[in-house]
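What follows is the content of my_file_39.cif, which has mmCIF, C-alpha atoms:
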data_query
loop_
_atom_site.label_atom_id
_atom_site.label_comp_id
_atom_site.auth_asym_id
_atom_site.auth_seq_id
_atom_site.Cartn_x
_atom_site.Cartn_y
_atom_site.Cartn_z
CA MET H 1 0.00 0.00 0.00
CA ASN H 2 1.18 3.48 -0.81
CA ILE H 3 -0.41 6.82 0.17
CA THR H 4 0.65 10.11 -1.35
CA PHE H 5 -0.51 13.57 -0.32
CA GLU H 6 -0.03 16.53 -2.64
CA LYS H 7 -1.21 20.08 -1.95
CA GLN H 8 -2.83 21.70 -4.96
CA THR H 9 -3.26 25.07 -3.20
CA ASP H 10 -2.93 26.29 0.37
CA VAL H 11 -6.47 25.05 1.05
CA ALA H 12 -6.86 22.05 -1.25
CA ALA H 13 -4.97 18.79 -1.66
CA GLU H 14 -5.08 15.51 -3.51
CA LEU H 15 -4.65 12.25 -1.60
CA THR H 16 -4.00 9.02 -3.50
CA VAL H 17 -4.18 5.50 -2.06
CA ASN H 18 -2.66 2.61 -4.03
CA PHE H 19 -3.33 -1.01 -3.06
CA VAL H 20 -1.59 -4.08 -4.36
CA LYS H 21 -3.17 -7.51 -4.02
CA ALA H 22 -1.04 -8.44 -1.02
CA ASP H 23 -2.59 -5.56 0.95
CA TYR H 24 -6.08 -7.01 0.92
CA GLN H 25 -5.77 -10.65 -0.19
CA GLU H 26 -5.65 -12.13 3.32
CA THR H 27 -8.83 -10.41 4.51
CA VAL H 28 -10.62 -11.26 1.25
CA GLU H 29 -9.71 -14.95 1.59
CA LYS H 30 -10.82 -14.98 5.22
CA GLU H 31 -14.17 -13.46 4.30
CA LEU H 32 -14.65 -15.88 1.38
CA LYS H 33 -14.11 -18.80 3.76
CA ARG H 34 -16.75 -17.33 6.09
CA VAL H 35 -19.11 -16.99 3.12
CA ARG H 36 -18.42 -20.60 2.15
CA GLN H 37 -19.46 -21.83 5.61
CA LYS H 38 -22.88 -20.23 5.19
CA ALA H 39 -23.35 -20.67 1.44
CA ASN H 40 -26.39 -22.72 0.41
CA MET H 41 -26.16 -23.86 -3.21
CA PRO H 42 -28.09 -26.65 -4.94
CA GLY H 43 -26.10 -29.90 -5.13
CA PHE H 44 -23.78 -29.07 -2.22
CA ARG H 45 -24.07 -29.58 1.50
CA PRO H 46 -23.69 -26.40 3.63
CA GLY H 47 -20.01 -25.55 4.01
CA GLN H 48 -18.94 -27.90 1.20
CA VAL H 49 -19.29 -25.61 -1.83
CA PRO H 50 -15.94 -25.60 -3.70
CA MET H 51 -13.88 -22.45 -3.11
CA SER H 52 -13.48 -22.00 -6.87
CA LEU H 53 -17.24 -21.66 -7.18
CA ILE H 54 -17.38 -19.32 -4.16
CA ARG H 55 -14.72 -17.10 -5.75
CA ARG H 56 -16.59 -16.95 -9.06
CA ARG H 57 -19.90 -16.21 -7.37
CA PHE H 58 -18.80 -13.83 -4.58
CA GLY H 59 -15.20 -12.86 -5.33
CA ILE H 60 -15.73 -9.38 -6.78
CA GLU H 61 -18.41 -8.44 -4.23
CA VAL H 62 -16.30 -9.56 -1.27
CA THR H 63 -13.16 -7.92 -2.65
CA ALA H 64 -14.98 -4.58 -3.11
CA GLU H 65 -16.40 -4.75 0.38
CA GLN H 66 -13.11 -5.60 2.11
CA VAL H 67 -11.12 -3.06 0.09
CA GLN H 68 -13.61 -0.31 0.99
CA LYS H 69 -13.24 -1.17 4.68
CA LEU H 70 -9.45 -1.18 4.43
CA LEU H 71 -9.49 2.05 2.42
CA SER H 72 -11.58 3.87 5.04
CA GLU H 73 -9.37 2.61 7.87
CA LYS H 74 -6.05 3.53 6.22
CA LEU H 75 -7.33 6.84 4.83
CA TYR H 76 -8.41 8.24 8.19
CA GLU H 77 -5.41 6.71 9.96
CA TYR H 78 -3.12 8.60 7.57
CA ILE H 79 -5.05 11.86 8.05
CA ARG H 80 -4.78 11.51 11.84
CA GLU H 81 -1.10 10.57 11.86
CA GLN H 82 -0.12 13.34 9.46
CA LYS H 83 -2.31 15.82 11.39
CA ILE H 84 -4.00 17.02 8.23
CA ASP H 85 -6.44 19.79 9.16
CA MET H 86 -9.24 18.60 6.90
CA LEU H 87 -12.61 20.27 6.43
CA GLY H 88 -15.55 17.93 5.99
CA GLU H 89 -14.98 14.51 4.44
CA PRO H 90 -12.66 13.33 1.65
CA LEU H 91 -14.33 13.60 -1.76
CA ALA H 92 -13.83 11.19 -4.63
CA SER H 93 -11.67 13.10 -7.10
CA LYS H 94 -12.95 14.05 -10.52
CA LYS H 95 -9.84 12.21 -11.75
CA GLN H 96 -11.10 8.95 -10.25
CA VAL H 97 -11.91 6.33 -12.85
CA PRO H 98 -14.24 3.38 -12.13
CA VAL H 99 -12.37 0.78 -10.08
CA ASP H 100 -12.12 -2.69 -11.59
CA PHE H 101 -11.98 -5.07 -8.62
CA GLU H 102 -10.89 -7.91 -10.89
CA GLN H 103 -7.53 -6.16 -11.16
CA ASP H 104 -4.79 -6.67 -8.56
CA ASP H 105 -3.64 -3.06 -8.27
CA LEU H 106 -6.30 -0.60 -7.15
CA THR H 107 -6.05 3.20 -7.02
CA PHE H 108 -8.29 5.66 -5.20
CA ILE H 109 -7.94 9.42 -5.56
CA PHE H 110 -9.50 11.93 -3.15
CA ASP H 111 -9.87 15.69 -3.05
CA ILE H 112 -9.23 17.10 0.42
CA ALA H 113 -10.46 20.51 1.61
CA LEU H 114 -7.91 22.04 4.00
CA ALA H 115 -8.51 24.57 6.75
CA PRO H 116 -6.93 27.96 6.07
CA LEU H 117 -3.98 28.88 8.29
CA PHE H 118 -4.45 31.68 10.82
CA ASP H 119 -3.58 32.51 14.43
CA ALA H 120 -6.48 32.96 16.86
CA LYS H 121 -4.49 32.75 20.10
CA LEU H 122 -5.25 35.40 22.70
CA SER H 123 -3.11 36.96 25.43
CA GLU H 124 -3.17 39.75 28.02
CA LYS H 125 -2.35 42.14 25.17
CA ASP H 126 -5.86 41.58 23.81
CA SER H 127 -8.54 43.75 25.45
CA ILE H 128 -12.15 42.53 25.37
CA PRO H 129 -15.18 44.28 26.94
CA TYR H 130 -16.77 42.52 29.89
CA TYR H 131 -20.08 43.84 31.13
CA THR H 132 -21.46 43.81 34.67
CA ILE H 133 -25.22 44.37 34.72
CA GLU H 134 -26.35 46.46 37.66
CA ILE H 135 -29.29 44.96 39.57
CA THR H 136 -31.61 47.71 40.79
CA ASP H 137 -34.26 47.53 43.49
CA GLU H 138 -36.82 48.11 40.77
CA MET H 139 -35.65 44.99 38.92
CA VAL H 140 -35.97 42.94 42.12
CA ASP H 141 -39.42 44.43 42.78
CA ASN H 142 -40.58 43.51 39.28
CA GLN H 143 -39.31 39.96 39.65
CA VAL H 144 -41.01 39.58 43.04
CA LYS H 145 -44.27 40.88 41.52
CA ALA H 146 -43.90 38.43 38.64
CA TYR H 147 -43.53 35.50 41.06
CA ALA H 148 -46.52 36.72 43.07
CA GLN H 149 -48.55 36.98 39.86
CA ARG H 150 -47.57 33.49 38.66
CA HIS H 151 -48.47 31.93 42.01
CA GLY H 152 -51.73 33.81 42.46
CA LYS H 153 -55.23 32.30 42.61
CA TYR H 154 -58.71 32.97 41.30
CA GLN H 155 -61.16 34.30 43.88
CA THR H 156 -64.89 34.85 43.66
CA VAL H 157 -65.85 38.53 44.05
CA SER H 158 -69.17 40.35 44.22
CA GLN H 159 -68.52 43.26 41.83
CA TRP H 160 -66.78 43.36 38.44
CA GLN H 161 -63.67 45.39 37.70
CA GLU H 162 -61.19 45.48 34.80
CA GLY H 163 -59.53 42.09 34.30
CA ASP H 164 -62.27 40.02 35.98
CA MET H 165 -63.90 36.97 34.39
CA THR H 166 -67.64 36.36 34.39
CA LYS H 167 -69.72 33.21 34.05
CA GLY H 168 -73.46 33.13 33.44
CA HIS H 169 -76.44 32.28 31.24
CA LEU H 170 -76.75 33.77 27.73
CA ALA H 171 -80.07 33.85 25.92
CA GLU H 172 -80.81 35.32 22.48
CA LEU H 173 -83.39 38.14 22.42
CA ASP H 174 -85.94 39.00 19.76
CA GLU H 175 -86.53 42.48 18.33
CA GLN H 176 -88.84 43.35 21.24
CA GLY H 177 -86.16 42.46 23.78
CA ASN H 178 -87.78 39.22 24.91
CA ILE H 179 -86.08 35.85 25.07
CA LYS H 180 -86.42 34.42 21.57
CA GLU H 181 -88.32 31.17 21.30
CA GLY H 182 -85.97 28.54 19.87
CA GLY H 183 -83.13 31.05 20.00
CA ILE H 184 -79.54 30.41 20.99
CA GLN H 185 -78.88 29.83 24.68
CA LYS H 186 -75.67 28.96 26.47
CA GLU H 187 -75.25 27.89 30.09
CA ASP H 188 -72.05 28.82 31.93
CA ALA H 189 -70.93 31.20 29.20
CA VAL H 190 -67.53 32.60 30.18
CA MET H 191 -66.50 36.13 29.24
CA LEU H 192 -63.49 38.35 29.74
CA PRO H 193 -64.96 41.78 28.99
CA GLY H 194 -61.52 43.36 29.23
CA TYR H 195 -60.77 41.72 25.85
CA PHE H 196 -63.87 43.08 24.10
CA LYS H 197 -63.06 45.06 20.96
CA ASN H 198 -65.98 47.44 21.54
CA ASP H 199 -65.63 49.93 24.43
CA ASP H 200 -69.41 50.50 24.72
CA GLN H 201 -69.98 46.78 25.29
CA LYS H 202 -67.17 46.70 27.83
CA LYS H 203 -68.70 49.61 29.78
CA LEU H 204 -71.86 47.52 30.36
CA PHE H 205 -69.87 45.53 32.93
CA GLU H 206 -68.50 48.47 34.92
CA GLY H 207 -69.49 48.05 38.57
CA VAL H 208 -71.93 45.26 37.77
CA GLU H 209 -72.55 42.73 40.55
CA SER H 210 -73.10 39.00 40.45
CA ASN H 211 -76.72 37.78 40.02
CA THR H 212 -77.33 40.74 37.72
CA VAL H 213 -78.85 40.54 34.23
CA ILE H 214 -77.47 42.81 31.48
CA THR H 215 -78.06 43.01 27.74
CA ILE H 216 -75.07 42.63 25.45
CA ASN H 217 -74.44 42.16 21.75
CA PRO H 218 -71.74 39.52 21.04
CA ALA H 219 -71.31 40.63 17.43
CA LYS H 220 -70.50 44.19 18.55
CA ALA H 221 -68.41 43.01 21.50
CA TYR H 222 -66.17 40.87 19.28
CA ASN H 223 -66.29 43.05 16.17
CA ASN H 224 -68.15 40.33 14.22
CA SER H 225 -65.40 37.76 14.75
CA ALA H 226 -67.11 34.47 13.90
CA ILE H 227 -64.39 32.46 15.65
CA GLU H 228 -64.83 34.26 18.99
CA ILE H 229 -68.63 34.30 18.77
CA SER H 230 -68.76 30.57 17.98
CA SER H 231 -66.50 29.86 20.94
CA LEU H 232 -68.62 31.97 23.28
CA LEU H 233 -71.99 30.52 22.21
CA GLY H 234 -70.88 26.95 21.46
CA ILE H 235 -72.08 27.05 17.84
CA SER H 236 -70.41 26.52 14.48
CA LYS H 237 -68.42 29.24 12.78
CA GLU H 238 -70.96 29.32 9.95
CA GLU H 239 -73.84 29.87 12.40
CA ALA H 240 -71.82 32.52 14.27
CA GLU H 241 -71.45 34.59 11.09
CA ASN H 242 -75.22 35.23 11.16
CA VAL H 243 -75.46 36.18 14.85
CA LYS H 244 -76.31 39.90 15.13
CA ALA H 245 -78.95 39.91 17.91
CA ASN H 246 -78.75 41.14 21.47
CA PHE H 247 -78.49 38.60 24.29
CA SER H 248 -79.50 38.69 27.92
CA TYR H 249 -76.65 37.71 30.18
CA GLN H 250 -77.39 36.66 33.74
CA ILE H 251 -74.08 36.94 35.57
CA ASN H 252 -73.93 34.12 38.10
CA GLU H 253 -70.28 34.38 39.08
CA ILE H 254 -67.45 36.92 38.93
CA THR H 255 -63.88 35.71 39.49
CA ARG H 256 -60.71 37.71 39.87
CA TYR H 257 -57.10 36.59 39.61
CA VAL H 258 -55.38 37.79 42.78
CA PRO H 259 -51.56 37.73 43.06
CA SER H 260 -50.10 35.73 45.91
CA GLU H 261 -49.25 37.48 49.14
CA LEU H 262 -45.58 37.70 50.06
CA ASN H 263 -45.83 34.97 52.66
CA GLN H 264 -44.08 31.74 53.64
CA GLU H 265 -46.14 29.70 51.19
CA LEU H 266 -44.88 31.78 48.27
CA PHE H 267 -41.28 31.74 49.55
CA ASP H 268 -41.34 27.93 49.76
CA GLU H 269 -43.00 27.51 46.34
CA VAL H 270 -40.46 29.72 44.58
CA LEU H 271 -37.23 28.90 46.43
CA GLY H 272 -37.85 25.59 48.17
CA GLU H 273 -38.91 24.89 51.69
CA GLY H 274 -37.08 26.89 54.34
CA LYS H 275 -34.85 28.84 51.94
CA ALA H 276 -36.31 32.17 53.06
CA ALA H 277 -38.16 33.06 56.26
CA SER H 278 -38.96 36.71 55.60
CA GLU H 279 -39.64 39.11 52.76
CA ASP H 280 -36.13 40.55 53.10
CA GLU H 281 -34.57 37.09 52.81
CA PHE H 282 -36.85 36.32 49.86
CA ARG H 283 -35.80 39.49 48.03
CA ALA H 284 -32.14 38.76 48.77
CA ALA H 285 -32.51 35.27 47.30
CA ILE H 286 -34.27 36.68 44.21
CA ARG H 287 -31.43 39.19 43.77
CA GLN H 288 -28.93 36.33 43.95
CA GLN H 289 -30.92 34.35 41.36
CA MET H 290 -30.92 37.35 39.05
CA ALA H 291 -27.18 37.87 39.55
CA LYS H 292 -26.46 34.28 38.45
CA GLN H 293 -28.58 34.66 35.34
CA LEU H 294 -27.08 38.03 34.49
CA ASP H 295 -23.59 36.57 34.93
CA LEU H 296 -24.49 33.97 32.28
CA ASP H 297 -25.82 36.76 30.06
CA ALA H 298 -22.60 38.76 30.56
CA GLN H 299 -20.47 35.75 29.65
CA PHE H 300 -22.64 35.12 26.59
CA ARG H 301 -22.01 38.72 25.52
CA PHE H 302 -18.30 38.32 26.28
CA MET H 303 -18.05 35.44 23.81
CA ILE H 304 -19.88 37.50 21.18
CA ASP H 305 -17.26 40.23 21.65
CA VAL H 306 -14.43 37.67 21.56
CA ARG H 307 -15.80 36.39 18.27
CA LYS H 308 -16.17 39.88 16.81
CA TYR H 309 -12.68 40.87 17.97
CA LEU H 310 -10.97 37.80 16.50
CA GLU H 311 -12.92 37.80 13.25
CA ASN H 312 -11.85 41.41 12.70
CA ARG H 313 -8.24 40.70 13.72
CA ILE H 314 -7.94 37.64 11.49
CA GLY H 315 -9.68 39.27 8.55
CA GLU H 316 -10.86 37.52 5.41
CA LEU H 317 -9.65 33.97 4.80
CA THR H 318 -9.19 31.98 1.61
CA TRP H 319 -11.47 28.94 1.44
CA PRO H 320 -11.60 25.90 -0.86
CA ASP H 321 -14.99 27.07 -2.09
CA GLU H 322 -15.43 24.54 -4.87
CA LEU H 323 -14.67 21.60 -2.58
CA LEU H 324 -16.77 22.92 0.30
CA GLN H 325 -19.72 23.48 -2.00
CA ARG H 326 -19.37 19.91 -3.27
CA ILE H 327 -19.36 18.67 0.34
CA MET H 328 -22.40 20.80 1.13
CA ARG H 329 -24.26 19.45 -1.89
CA ALA H 330 -23.33 15.88 -1.01
CA ASN H 331 -24.74 16.38 2.50
CA ASN H 332 -27.95 17.99 1.17
CA PRO H 333 -28.86 16.04 -2.00
CA ASP H 334 -32.52 17.13 -1.89
CA LYS H 335 -31.82 20.89 -1.88
CA ASP H 336 -31.96 23.20 -4.90
CA ASP H 337 -29.40 25.76 -6.10
CA LYS H 338 -31.08 28.64 -4.25
CA TYR H 339 -30.60 26.81 -0.94
CA PHE H 340 -26.85 26.63 -1.50
CA GLU H 341 -26.65 30.24 -2.72
CA ASP H 342 -28.45 31.43 0.41
CA ASN H 343 -26.73 29.17 2.94
CA TYR H 344 -23.13 28.81 1.76
CA PRO H 345 -22.00 32.31 2.94
CA ARG H 346 -23.56 31.70 6.38
CA SER H 347 -21.95 28.26 6.55
CA ILE H 348 -18.54 29.77 5.86
CA LYS H 349 -19.06 32.39 8.57
CA GLU H 350 -19.94 29.68 11.12
CA LEU H 351 -17.07 27.47 9.92
CA LYS H 352 -14.64 30.31 10.55
CA TRP H 353 -15.93 30.70 14.11
CA HIS H 354 -15.76 26.93 14.61
CA LEU H 355 -12.09 26.89 13.61
CA ILE H 356 -11.38 29.86 15.87
CA LYS H 357 -12.98 28.03 18.80
CA GLU H 358 -10.91 24.93 18.08
CA GLN H 359 -7.70 26.99 18.38
CA LEU H 360 -8.93 28.66 21.58
CA ALA H 361 -9.90 25.31 23.07
CA ASP H 362 -6.45 23.96 22.26
CA GLN H 363 -4.82 27.06 23.79
CA THR H 364 -6.84 26.87 27.02
CA GLY H 365 -6.91 23.07 27.23
CA ILE H 366 -10.65 22.84 27.76
CA LYS H 367 -12.47 19.56 27.17
CA VAL H 368 -16.16 18.73 27.15
CA GLU H 369 -17.11 15.56 29.01
CA GLN H 370 -20.44 13.72 29.12
CA ASP H 371 -21.15 15.14 32.58
CA ASP H 372 -20.70 18.66 31.18
CA VAL H 373 -23.30 18.01 28.47
CA LEU H 374 -25.77 16.62 31.02
CA ALA H 375 -25.19 19.61 33.30
CA MET H 376 -25.81 21.99 30.39
CA ALA H 377 -29.02 20.15 29.48
CA LYS H 378 -30.19 20.45 33.10
CA GLN H 379 -29.28 24.14 33.19
CA GLN H 380 -31.25 24.74 30.00
CA THR H 381 -34.22 22.77 31.35
CA LYS H 382 -34.12 24.70 34.63
CA MET H 383 -34.24 28.00 32.74
CA GLN H 384 -37.24 26.79 30.73
CA PHE H 385 -39.10 25.88 33.92
CA ALA H 386 -38.16 29.24 35.44
CA GLN H 387 -39.90 31.03 32.56
CA TYR H 388 -43.16 29.60 33.90
CA GLY H 389 -42.39 30.58 37.47
CA MET H 390 -41.15 27.11 38.46
CA SER H 391 -37.76 27.84 39.94
CA ASN H 392 -37.80 25.12 42.58
CA VAL H 393 -37.82 22.01 40.37
CA PRO H 394 -36.38 18.82 41.99
CA ASP H 395 -33.04 17.66 40.59
CA GLU H 396 -34.42 14.27 39.56
CA VAL H 397 -37.06 15.99 37.41
CA LEU H 398 -34.40 18.14 35.72
CA THR H 399 -32.26 15.04 35.14
CA ASN H 400 -35.14 13.14 33.53
CA TYR H 401 -35.98 16.02 31.20
CA ALA H 402 -32.28 16.49 30.38
CA ASN H 403 -31.83 12.80 29.53
CA GLU H 404 -34.77 13.03 27.13
CA GLN H 405 -33.02 15.89 25.34
CA LEU H 406 -29.85 13.84 25.02
CA LYS H 407 -31.66 11.14 23.04
CA LYS H 408 -31.64 13.40 19.97
CA ARG H 409 -28.37 13.91 18.13
CA GLU H 410 -29.17 17.48 17.09
CA ASN H 411 -29.77 18.39 20.75
CA VAL H 412 -26.45 16.83 21.78
CA ASP H 413 -24.56 18.77 19.10
CA SER H 414 -26.18 22.02 20.23
CA LEU H 415 -25.45 21.32 23.90
CA VAL H 416 -21.82 20.43 23.18
CA ALA H 417 -21.41 23.72 21.30
CA ARG H 418 -22.88 25.61 24.26
CA CYS H 419 -20.59 23.75 26.67
CA VAL H 420 -17.57 24.71 24.58
CA GLU H 421 -18.54 28.39 24.53
CA GLN H 422 -19.33 28.44 28.25
CA LYS H 423 -16.02 26.77 29.16
CA LEU H 424 -14.15 29.04 26.77
CA GLY H 425 -15.82 32.08 28.30
CA GLU H 426 -14.63 31.06 31.77
CA ALA H 427 -11.12 30.19 30.60
CA LEU H 428 -10.56 33.27 28.44
CA LYS H 429 -11.45 35.67 31.25
CA SER H 430 -8.10 34.83 32.81
CA VAL H 431 -6.23 35.03 29.48
CA VAL H 432 -7.21 38.40 28.02
CA LYS H 433 -7.35 41.86 29.51
CA LEU H 434 -10.95 42.51 30.58
CA ASP H 435 -12.25 45.98 29.85
CA HIS H 436 -14.81 46.10 32.67
CA LYS H 437 -17.97 48.10 32.03
CA THR H 438 -20.91 48.46 34.43
CA VAL H 439 -24.20 49.04 32.62
CA SER H 440 -27.90 49.08 33.34
CA ASN H 441 -30.08 46.21 32.16
CA GLU H 442 -31.54 48.50 29.48
CA GLU H 443 -28.08 49.51 28.24
CA PHE H 444 -27.03 45.87 28.16
CA GLY H 445 -30.09 45.00 26.09
CA LYS H 446 -29.23 47.68 23.54
CA LEU H 447 -25.93 45.91 22.85
CA PHE H 448 -27.93 43.22 21.05
CA GLU H 449 -30.04 45.51 18.89
CA ASN H 450 -27.66 45.21 15.95
#

Can I see the file as structure tokens?
Amino acid sequence: MNITFEKQTDVAAELTVNFVKADYQETVEKELKRVRQKANMPGFRPGQVPMSLIRRRFGIEVTAEQVQKLLSEKLYEYIREQKIDMLGEPLASKKQVPVDFEQDDLTFIFDIALAPLFDAKLSEKDSIPYYTIEITDEMVDNQVKAYAQRHGKYQTVSQWQEGDMTKGHLAELDEQGNIKEGGIQKEDAVMLPGYFKNDDQKKLFEGVESNTVITINPAKAYNNSAIEISSLLGISKEEAENVKANFSYQINEITRYVPSELNQELFDEVLGEGKAASEDEFRAAIRQQMAKQLDLDAQFRFMIDVRKYLENRIGELTWPDELLQRIMRANNPDKDDKYFEDNYPRSIKELKWHLIKEQLADQTGIKVEQDDVLAMAKQQTKMQFAQYGMSNVPDEVLTNYANEQLKKRENVDSLVARCVEQKLGEALKSVVKLDHKTVSNEEFGKLFEN
């Protein structure tokens, strides 16, 4: 066997693998003997088919299969040993001619896309902004109010005010204002007058008390929306399109959503039992929660600025465009030309960042282990629960949700990428010079507007 590697340009090479019969004959013979043991041909007992017949019947197929296995093994072994910085996978060269596996000498030619050379290493000479987001009392107050709102409850009240929900009996009226015989009626009709599109209809509820009868017009209230009228009255959309009449509405119940009080029950629901015993302790814990999240946000921004800084410092790179486009097309055989025109520039931009991160990971010595990926999945799951006010989720629940995420390859790839960036963010803070900037939450948000 002989392997030759020849650079065509700085970012493209040709790799040729030559096999002689001695390279693969032993494995081919071994496989043919295994085939013979299982071969079932008329006139021969199992395992007794002559080898000459086995070679005629299966020789080319077995040779092709074993050579392909050997080729893949030796090809990637060579690339690893020679430390060839390859992009994507080897491509069969346009010079490659069909391989005749009846011949003894076999040649395979590959086109190799090479990563462009550049230096992404950082040092204390490199200054990168690092933002500290100031946590104000107002921010803590808003978060406390949000938790109180999420953990509130519905209460029955006697008089309606903005935001309340009503439940009662609806009955269609005739032109004289009497209940229409055979007209539409709906028990336990639920309304949220605050969402009416007509202010005059909404005003009918101002100060109204339960066990009161009022006259409303659903068509006016919902601006003739057949979908909303059909939902309210429990009729089809087609029937709702013809509803224009007034209805009597006997309000049997008025309910109001009341935020939770700042009490021990709320503290335990949000933080876990016994984590806070007073409103001051609760607010301090909320501030600490916010600080942790804002630290993650600051580090996320730090890596954006690292990327921007290095991309500008490195400048434009030369890429093996023709080879990379062939790889992209091979990986997306069902896509049309417009897909590649639209996505190739973005792919190159992300590839550049990927190569930068590889150099930074090598410089800092970071590695991503399975435990890191699981921890990231749990962190992501915890944040998703927190969006719904569930900040005190048991660890076993987080673990179960995280393990479900890890069953999908695309999720694993995304989580690994996030682990790399998070670990890089931590490591690079002690490598570069940090240009510390304290900003408000609003100012920090504006950094992302562009």

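Here the PyMOL selection byres ((chain H and resi 49) around 12) captures the residues Leu32, Lys33, Arg34, Val35, Arg36, Gln37, Lys38, Ala39, Asn40, Met41, Pro42, Gly43, Phe44, Arg45, Pro46, Gly47, Gln48, Pro50, Met51, Ser52, Leu53, Ile54, Arg55, Arg56 and Arg57 of chain H.
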
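Our summary of the geometry notes that CA of Phe19 in chain H is positioned 24.3 Å from CA of Gly88 in chain H.
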
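Residues captured in this structure file are H:Asn2, H:Ile3, H:Val17, H:Asn18, H:Phe19, H:Val20, H:Ala22, H:Asp23, according to the PyMOL selection byres ((chain H and resi 1) around 9).
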
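The residues caught by the PyMOL selection byres ((chain H and resi 276) around 12) in this file are Leu262, Asn263, Gln264, Glu265, Leu266, Phe267, Asp268, Glu269, Val270, Leu271, Gly272, Glu273, Gly274, Lys275, Ala277, Ser278, Glu279, Asp280, Glu281, Phe282, Arg283, Ala284, Ala285 and Ile286 of chain H.
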
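Residue nearest Leu310 in chain H, chosen from H:Gln25, H:Asn178, H:Gln289, H:Gln359 and counting all atoms listed in the file: H:Gln359.
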
List the neighbours of Leu70 in chain H out to 9 Å using all atoms listed in the file; skip same-chain residues closer than 4 positions along the sequence, and give me the result as a list in words.
Asp23, Tyr24, Glu65, Gln66, Lys74 and Leu75 of chain H

Counting all atoms listed in the file, write as a PyMOL selection string all protein and nucleic acid residues lying at most 9 Å from (-70.0, 43.4, 20.4) in the file's frame.
chain H and resi 196-202+216-224+244

Mind pulling up the distance from CA of Ile229 in chain H to CA of Gly182 in chain H?
18.3 Å
